[in-house]
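Peer 1: So that you have it, the file is entry.pdb, and it contains PDB, N, CA, C and O atoms:
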```pdb
ATOM      1  N   MET A   1      -7.105 -20.990 -12.564
ATOM      2  CA  MET A   1      -8.434 -21.326 -12.091
ATOM      3  C   MET A   1      -8.359 -22.089 -10.764
ATOM      4  O   MET A   1      -9.144 -21.857  -9.879
ATOM      5  N   GLN A   2      -7.389 -22.987 -10.627
ATOM      6  CA  GLN A   2      -7.244 -23.771  -9.413
ATOM      7  C   GLN A   2      -6.913 -22.878  -8.218
ATOM      8  O   GLN A   2      -7.410 -23.101  -7.124
ATOM      9  N   LYS A   3      -6.082 -21.842  -8.427
ATOM     10  CA  LYS A   3      -5.724 -20.946  -7.330
ATOM     11  C   LYS A   3      -6.942 -20.170  -6.835
ATOM     12  O   LYS A   3      -7.098 -19.956  -5.642
ATOM     13  N   LYS A   4      -7.813 -19.757  -7.771
ATOM     14  CA  LYS A   4      -9.030 -19.055  -7.363
ATOM     15  C   LYS A   4      -9.903 -19.966  -6.519
ATOM     16  O   LYS A   4     -10.475 -19.535  -5.519
ATOM     17  N   TYR A   5     -10.012 -21.234  -6.911
ATOM     18  CA  TYR A   5     -10.830 -22.182  -6.158
ATOM     19  C   TYR A   5     -10.238 -22.399  -4.769
ATOM     20  O   TYR A   5     -10.976 -22.437  -3.786
ATOM     21  N   GLN A   6      -8.930 -22.522  -4.680
ATOM     22  CA  GLN A   6      -8.282 -22.711  -3.386
ATOM     23  C   GLN A   6      -8.489 -21.493  -2.491
ATOM     24  O   GLN A   6      -8.749 -21.622  -1.296
ATOM     25  N   PHE A   7      -8.395 -20.299  -3.086
ATOM     26  CA  PHE A   7      -8.605 -19.078  -2.323
ATOM     27  C   PHE A   7     -10.051 -18.981  -1.851
ATOM     28  O   PHE A   7     -10.323 -18.596  -0.720
ATOM     29  N   LEU A   8     -10.989 -19.356  -2.698
ATOM     30  CA  LEU A   8     -12.401 -19.367  -2.328
ATOM     31  C   LEU A   8     -12.654 -20.320  -1.171
ATOM     32  O   LEU A   8     -13.362 -19.986  -0.223
ATOM     33  N   GLU A   9     -12.053 -21.491  -1.234
ATOM     34  CA  GLU A   9     -12.202 -22.457  -0.148
ATOM     35  C   GLU A   9     -11.619 -21.906   1.157
ATOM     36  O   GLU A   9     -12.206 -22.074   2.230
ATOM     37  N   LEU A  10     -10.482 -21.247   1.066
ATOM     38  CA  LEU A  10      -9.863 -20.662   2.249
ATOM     39  C   LEU A  10     -10.775 -19.602   2.861
ATOM     40  O   LEU A  10     -10.983 -19.576   4.075
ATOM     41  N   LEU A  11     -11.350 -18.745   2.033
ATOM     42  CA  LEU A  11     -12.248 -17.717   2.550
ATOM     43  C   LEU A  11     -13.500 -18.328   3.170
ATOM     44  O   LEU A  11     -13.988 -17.841   4.190
ATOM     45  N   CYS A  12     -14.014 -19.390   2.595
ATOM     46  CA  CYS A  12     -15.173 -20.072   3.169
ATOM     47  C   CYS A  12     -14.829 -20.651   4.537
ATOM     48  O   CYS A  12     -15.622 -20.560   5.478
ATOM     49  N   GLN A  13     -13.658 -21.236   4.652
ATOM     50  CA  GLN A  13     -13.236 -21.793   5.937
ATOM     51  C   GLN A  13     -13.082 -20.696   6.981
ATOM     52  O   GLN A  13     -13.501 -20.853   8.130
ATOM     53  N   ILE A  14     -12.511 -19.580   6.576
ATOM     54  CA  ILE A  14     -12.354 -18.455   7.505
ATOM     55  C   ILE A  14     -13.722 -17.941   7.934
ATOM     56  O   ILE A  14     -13.965 -17.689   9.115
ATOM     57  N   SER A  15     -14.626 -17.804   6.984
ATOM     58  CA  SER A  15     -15.961 -17.316   7.294
ATOM     59  C   SER A  15     -16.679 -18.255   8.259
ATOM     60  O   SER A  15     -17.298 -17.817   9.230
ATOM     61  N   ARG A  16     -16.590 -19.556   8.008
ATOM     62  CA  ARG A  16     -17.221 -20.526   8.909
ATOM     63  C   ARG A  16     -16.602 -20.452  10.296
ATOM     64  O   ARG A  16     -17.290 -20.507  11.309
ATOM     65  N   HIS A  17     -15.300 -20.296  10.348
ATOM     66  CA  HIS A  17     -14.594 -20.212  11.632
ATOM     67  C   HIS A  17     -15.036 -18.975  12.412
ATOM     68  O   HIS A  17     -15.254 -19.037  13.612
ATOM     69  N   LEU A  18     -15.201 -17.861  11.724
ATOM     70  CA  LEU A  18     -15.593 -16.627  12.403
ATOM     71  C   LEU A  18     -17.015 -16.707  12.948
ATOM     72  O   LEU A  18     -17.333 -16.097  13.961
ATOM     73  N   HIS A  19     -17.870 -17.452  12.276
ATOM     74  CA  HIS A  19     -19.249 -17.561  12.737
ATOM     75  C   HIS A  19     -19.374 -18.501  13.932
ATOM     76  O   HIS A  19     -20.310 -18.392  14.707
ATOM     77  N   ILE A  20     -18.447 -19.412  14.083
ATOM     78  CA  ILE A  20     -18.545 -20.411  15.155
ATOM     79  C   ILE A  20     -17.876 -19.918  16.428
ATOM     80  O   ILE A  20     -18.398 -20.090  17.525
ATOM     81  N   TYR A  21     -16.718 -19.307  16.303
ATOM     82  CA  TYR A  21     -15.928 -18.929  17.464
ATOM     83  C   TYR A  21     -15.909 -17.417  17.627
ATOM     84  O   TYR A  21     -15.890 -16.679  16.662
ATOM     85  N   SER A  22     -15.881 -16.975  18.859
ATOM     86  CA  SER A  22     -15.716 -15.549  19.108
ATOM     87  C   SER A  22     -14.225 -15.229  19.088
ATOM     88  O   SER A  22     -13.388 -16.084  19.344
ATOM     89  N   VAL A  23     -13.915 -14.003  18.801
ATOM     90  CA  VAL A  23     -12.520 -13.585  18.734
ATOM     91  C   VAL A  23     -12.043 -13.298  20.154
ATOM     92  O   VAL A  23     -12.629 -12.473  20.856
ATOM     93  N   PRO A  24     -11.015 -14.003  20.599
ATOM     94  CA  PRO A  24     -10.522 -13.772  21.968
ATOM     95  C   PRO A  24      -9.845 -12.415  22.085
ATOM     96  O   PRO A  24      -9.369 -11.858  21.108
ATOM     97  N   SER A  25      -9.802 -11.930  23.288
ATOM     98  CA  SER A  25      -9.116 -10.671  23.542
ATOM     99  C   SER A  25      -7.620 -10.880  23.346
ATOM    100  O   SER A  25      -7.063 -11.890  23.729
ATOM    101  N   SER A  26      -6.997  -9.910  22.731
ATOM    102  CA  SER A  26      -5.571  -9.997  22.443
ATOM    103  C   SER A  26      -4.833  -8.915  23.210
ATOM    104  O   SER A  26      -5.309  -7.784  23.306
ATOM    105  N   PRO A  27      -3.659  -9.227  23.741
ATOM    106  CA  PRO A  27      -2.897  -8.183  24.440
ATOM    107  C   PRO A  27      -2.443  -7.071  23.497
ATOM    108  O   PRO A  27      -2.172  -5.970  23.940
ATOM    109  N   ASP A  28      -2.385  -7.347  22.195
ATOM    110  CA  ASP A  28      -1.969  -6.342  21.216
ATOM    111  C   ASP A  28      -3.123  -5.452  20.763
ATOM    112  O   ASP A  28      -2.909  -4.471  20.069
ATOM    113  N   ARG A  29      -4.336  -5.805  21.129
ATOM    114  CA  ARG A  29      -5.516  -5.055  20.705
ATOM    115  C   ARG A  29      -5.605  -3.750  21.490
ATOM    116  O   ARG A  29      -5.428  -3.719  22.697
ATOM    117  N   ILE A  30      -5.923  -2.665  20.772
ATOM    118  CA  ILE A  30      -6.106  -1.359  21.411
ATOM    119  C   ILE A  30      -7.602  -1.092  21.478
ATOM    120  O   ILE A  30      -8.268  -1.016  20.454
ATOM    121  N   ASN A  31      -8.127  -0.945  22.686
ATOM    122  CA  ASN A  31      -9.559  -0.747  22.867
ATOM    123  C   ASN A  31      -9.944   0.704  23.129
ATOM    124  O   ASN A  31     -11.120   1.036  23.130
ATOM    125  N   ASP A  32      -8.977   1.565  23.357
ATOM    126  CA  ASP A  32      -9.259   2.970  23.630
ATOM    127  C   ASP A  32      -9.457   3.715  22.306
ATOM    128  O   ASP A  32      -8.532   3.800  21.493
ATOM    129  N   PRO A  33     -10.665   4.260  22.059
ATOM    130  CA  PRO A  33     -10.933   4.939  20.783
ATOM    131  C   PRO A  33      -9.990   6.105  20.502
ATOM    132  O   PRO A  33      -9.625   6.342  19.350
ATOM    133  N   GLU A  34      -9.583   6.829  21.535
ATOM    134  CA  GLU A  34      -8.663   7.960  21.331
ATOM    135  C   GLU A  34      -7.297   7.483  20.851
ATOM    136  O   GLU A  34      -6.701   8.069  19.955
ATOM    137  N   LYS A  35      -6.800   6.405  21.428
ATOM    138  CA  LYS A  35      -5.513   5.856  21.007
ATOM    139  C   LYS A  35      -5.584   5.326  19.580
ATOM    140  O   LYS A  35      -4.663   5.517  18.787
ATOM    141  N   VAL A  36      -6.699   4.672  19.251
ATOM    142  CA  VAL A  36      -6.876   4.140  17.897
ATOM    143  C   VAL A  36      -6.913   5.282  16.892
ATOM    144  O   VAL A  36      -6.264   5.231  15.846
ATOM    145  N   SER A  37      -7.684   6.326  17.185
ATOM    146  CA  SER A  37      -7.770   7.482  16.285
ATOM    147  C   SER A  37      -6.407   8.125  16.079
ATOM    148  O   SER A  37      -6.049   8.491  14.956
ATOM    149  N   SER A  38      -5.665   8.250  17.159
ATOM    150  CA  SER A  38      -4.331   8.842  17.072
ATOM    151  C   SER A  38      -3.400   7.983  16.216
ATOM    152  O   SER A  38      -2.650   8.493  15.376
ATOM    153  N   LEU A  39      -3.460   6.678  16.410
ATOM    154  CA  LEU A  39      -2.626   5.764  15.634
ATOM    155  C   LEU A  39      -2.969   5.826  14.141
ATOM    156  O   LEU A  39      -2.080   5.907  13.293
ATOM    157  N   ILE A  40      -4.258   5.824  13.826
ATOM    158  CA  ILE A  40      -4.687   5.904  12.418
ATOM    159  C   ILE A  40      -4.250   7.231  11.811
ATOM    160  O   ILE A  40      -3.749   7.277  10.682
ATOM    161  N   ARG A  41      -4.439   8.321  12.535
ATOM    162  CA  ARG A  41      -4.030   9.637  12.034
ATOM    163  C   ARG A  41      -2.526   9.656  11.751
ATOM    164  O   ARG A  41      -2.087  10.132  10.704
ATOM    165  N   ASP A  42      -1.739   9.121  12.671
ATOM    166  CA  ASP A  42      -0.280   9.089  12.481
ATOM    167  C   ASP A  42       0.101   8.261  11.257
ATOM    168  O   ASP A  42       0.989   8.634  10.497
ATOM    169  N   MET A  43      -0.582   7.141  11.077
ATOM    170  CA  MET A  43      -0.271   6.290   9.920
ATOM    171  C   MET A  43      -0.642   6.981   8.613
ATOM    172  O   MET A  43       0.086   6.890   7.622
ATOM    173  N   LEU A  44      -1.782   7.662   8.588
ATOM    174  CA  LEU A  44      -2.239   8.318   7.358
ATOM    175  C   LEU A  44      -1.397   9.540   7.004
ATOM    176  O   LEU A  44      -1.254   9.870   5.825
ATOM    177  N   THR A  45      -0.870  10.220   8.003
ATOM    178  CA  THR A  45      -0.064  11.411   7.723
ATOM    179  C   THR A  45       1.411  11.096   7.503
ATOM    180  O   THR A  45       2.166  11.976   7.093
ATOM    181  N   ALA A  46       1.815   9.865   7.754
ATOM    182  CA  ALA A  46       3.212   9.473   7.518
ATOM    183  C   ALA A  46       3.481   9.408   6.012
ATOM    184  O   ALA A  46       2.567   9.242   5.210
ATOM    185  N   ASP A  47       4.721   9.537   5.661
ATOM    186  CA  ASP A  47       5.114   9.533   4.248
ATOM    187  C   ASP A  47       5.419   8.110   3.777
ATOM    188  O   ASP A  47       6.501   7.825   3.267
ATOM    189  N   ARG A  48       4.464   7.227   3.975
ATOM    190  CA  ARG A  48       4.593   5.845   3.512
ATOM    191  C   ARG A  48       3.187   5.260   3.328
ATOM    192  O   ARG A  48       2.221   5.736   3.930
ATOM    193  N   PRO A  49       3.077   4.252   2.492
ATOM    194  CA  PRO A  49       1.748   3.688   2.239
ATOM    195  C   PRO A  49       1.181   2.972   3.463
ATOM    196  O   PRO A  49       1.927   2.412   4.278
ATOM    197  N   CYS A  50      -0.127   3.026   3.591
ATOM    198  CA  CYS A  50      -0.803   2.287   4.652
ATOM    199  C   CYS A  50      -2.234   1.971   4.204
ATOM    200  O   CYS A  50      -2.750   2.577   3.273
ATOM    201  N   MET A  51      -2.825   1.051   4.878
ATOM    202  CA  MET A  51      -4.218   0.707   4.604
ATOM    203  C   MET A  51      -4.915   0.510   5.940
ATOM    204  O   MET A  51      -4.421  -0.193   6.811
ATOM    205  N   VAL A  52      -6.060   1.153   6.071
ATOM    206  CA  VAL A  52      -6.872   1.004   7.271
ATOM    207  C   VAL A  52      -8.181   0.379   6.807
ATOM    208  O   VAL A  52      -8.884   0.951   5.976
ATOM    209  N   ALA A  53      -8.491  -0.800   7.316
ATOM    210  CA  ALA A  53      -9.681  -1.507   6.847
ATOM    211  C   ALA A  53     -10.272  -2.352   7.957
ATOM    212  O   ALA A  53      -9.591  -2.704   8.922
ATOM    213  N   ARG A  54     -11.516  -2.663   7.767
ATOM    214  CA  ARG A  54     -12.207  -3.577   8.675
ATOM    215  C   ARG A  54     -12.838  -4.649   7.807
ATOM    216  O   ARG A  54     -13.647  -4.360   6.932
ATOM    217  N   LEU A  55     -12.451  -5.873   8.038
ATOM    218  CA  LEU A  55     -12.951  -6.990   7.254
ATOM    219  C   LEU A  55     -13.840  -7.847   8.146
ATOM    220  O   LEU A  55     -13.366  -8.449   9.104
ATOM    221  N   GLY A  56     -15.107  -7.866   7.831
ATOM    222  CA  GLY A  56     -16.061  -8.647   8.608
ATOM    223  C   GLY A  56     -16.668  -9.764   7.785
ATOM    224  O   GLY A  56     -16.273 -10.010   6.641
ATOM    225  N   SER A  57     -17.636 -10.435   8.346
ATOM    226  CA  SER A  57     -18.247 -11.577   7.654
ATOM    227  C   SER A  57     -18.972 -11.139   6.388
ATOM    228  O   SER A  57     -19.000 -11.868   5.398
ATOM    229  N   GLY A  58     -19.562  -9.942   6.395
ATOM    230  CA  GLY A  58     -20.238  -9.446   5.190
ATOM    231  C   GLY A  58     -19.274  -9.266   4.040
ATOM    232  O   GLY A  58     -19.566  -9.639   2.891
ATOM    233  N   GLU A  59     -18.109  -8.689   4.324
ATOM    234  CA  GLU A  59     -17.096  -8.503   3.285
ATOM    235  C   GLU A  59     -16.571  -9.840   2.782
ATOM    236  O   GLU A  59     -16.349 -10.019   1.580
ATOM    237  N   LEU A  60     -16.382 -10.796   3.687
ATOM    238  CA  LEU A  60     -15.922 -12.116   3.266
ATOM    239  C   LEU A  60     -16.946 -12.789   2.361
ATOM    240  O   LEU A  60     -16.586 -13.452   1.383
ATOM    241  N   GLU A  61     -18.225 -12.626   2.661
ATOM    242  CA  GLU A  61     -19.265 -13.219   1.824
ATOM    243  C   GLU A  61     -19.262 -12.607   0.426
ATOM    244  O   GLU A  61     -19.456 -13.308  -0.575
ATOM    245  N   VAL A  62     -19.052 -11.299   0.330
ATOM    246  CA  VAL A  62     -18.991 -10.638  -0.978
ATOM    247  C   VAL A  62     -17.830 -11.174  -1.797
ATOM    248  O   VAL A  62     -17.970 -11.499  -2.978
ATOM    249  N   VAL A  63     -16.663 -11.293  -1.170
ATOM    250  CA  VAL A  63     -15.479 -11.785  -1.882
ATOM    251  C   VAL A  63     -15.687 -13.234  -2.324
ATOM    252  O   VAL A  63     -15.388 -13.584  -3.471
ATOM    253  N   THR A  64     -16.210 -14.075  -1.445
ATOM    254  CA  THR A  64     -16.412 -15.480  -1.819
ATOM    255  C   THR A  64     -17.460 -15.606  -2.916
ATOM    256  O   THR A  64     -17.314 -16.420  -3.826
ATOM    257  N   SER A  65     -18.493 -14.791  -2.860
ATOM    258  CA  SER A  65     -19.506 -14.818  -3.911
ATOM    259  C   SER A  65     -18.903 -14.388  -5.250
ATOM    260  O   SER A  65     -19.133 -15.022  -6.283
ATOM    261  N   TYR A  66     -18.124 -13.316  -5.231
ATOM    262  CA  TYR A  66     -17.488 -12.816  -6.447
ATOM    263  C   TYR A  66     -16.544 -13.853  -7.044
ATOM    264  O   TYR A  66     -16.585 -14.143  -8.241
ATOM    265  N   LEU A  67     -15.698 -14.441  -6.207
ATOM    266  CA  LEU A  67     -14.767 -15.433  -6.704
ATOM    267  C   LEU A  67     -15.491 -16.684  -7.197
ATOM    268  O   LEU A  67     -15.070 -17.305  -8.171
ATOM    269  N   GLY A  68     -16.592 -17.043  -6.557
ATOM    270  CA  GLY A  68     -17.375 -18.178  -7.020
ATOM    271  C   GLY A  68     -17.979 -17.941  -8.374
ATOM    272  O   GLY A  68     -18.054 -18.836  -9.216
ATOM    273  N   GLN A  69     -18.422 -16.706  -8.648
ATOM    274  CA  GLN A  69     -19.003 -16.369  -9.951
ATOM    275  C   GLN A  69     -17.947 -16.336 -11.045
ATOM    276  O   GLN A  69     -18.232 -16.601 -12.208
ATOM    277  N   GLN A  70     -16.706 -16.011 -10.677
ATOM    278  CA  GLN A  70     -15.633 -15.945 -11.657
ATOM    279  C   GLN A  70     -15.225 -17.319 -12.168
ATOM    280  O   GLN A  70     -14.618 -17.432 -13.230
ATOM    281  N   GLN A  71     -15.590 -18.383 -11.462
ATOM    282  CA  GLN A  71     -15.224 -19.740 -11.888
ATOM    283  C   GLN A  71     -16.024 -20.186 -13.096
ATOM    284  O   GLN A  71     -15.578 -21.009 -13.865
ATOM    285  N   TYR A  72     -17.210 -19.654 -13.271
ATOM    286  CA  TYR A  72     -18.097 -20.145 -14.338
ATOM    287  C   TYR A  72     -18.158 -19.229 -15.524
ATOM    288  O   TYR A  72     -17.996 -18.162 -15.607
TER
END
```
Would you put the structure from the file into structure tokens?
Peer 2:
Amino acid sequence: MQKKYQFLELLCQISRHLHIYSVPSSPDRINDPEKVSSLIRDMLTADRPCMVARLGSGELEVVTSYLGQQQY
């Protein structure tokens, strides 16, 4: 139970941080849609596991809400 609470607190902190600060540009970020599509296609067709996901504030709110309900 304590680990769930700690994880919930961590997600809340991340969510608050994302709402306050903008994400700076990163030299590792790929902004060209064609390059991104090609990279995702290569990862999905490779013979190894991969996950392609986008985690935004809405998803963080769902997870924190779910974990908060699991405490009671």
Peer 1: Hey, can you check how far atom C of Leu39 (chain A) sits from atom O of Arg54 (chain A)?
Peer 2: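 So the answer is 16.4 Å.
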Peer 1: Tell me, in Å to one decimal, how far CA of Arg41 (chain A) is from CA of Leu55 (chain A).
Peer 2: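 Computing it gives 19.5 Å between the two atoms.
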Peer 1: In Å, with one decimal, what is the gap from atom N of Asp42 (chain A) to atom C of Ile30 (chain A)?
Peer 2: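 It comes out at 14.7 Å.
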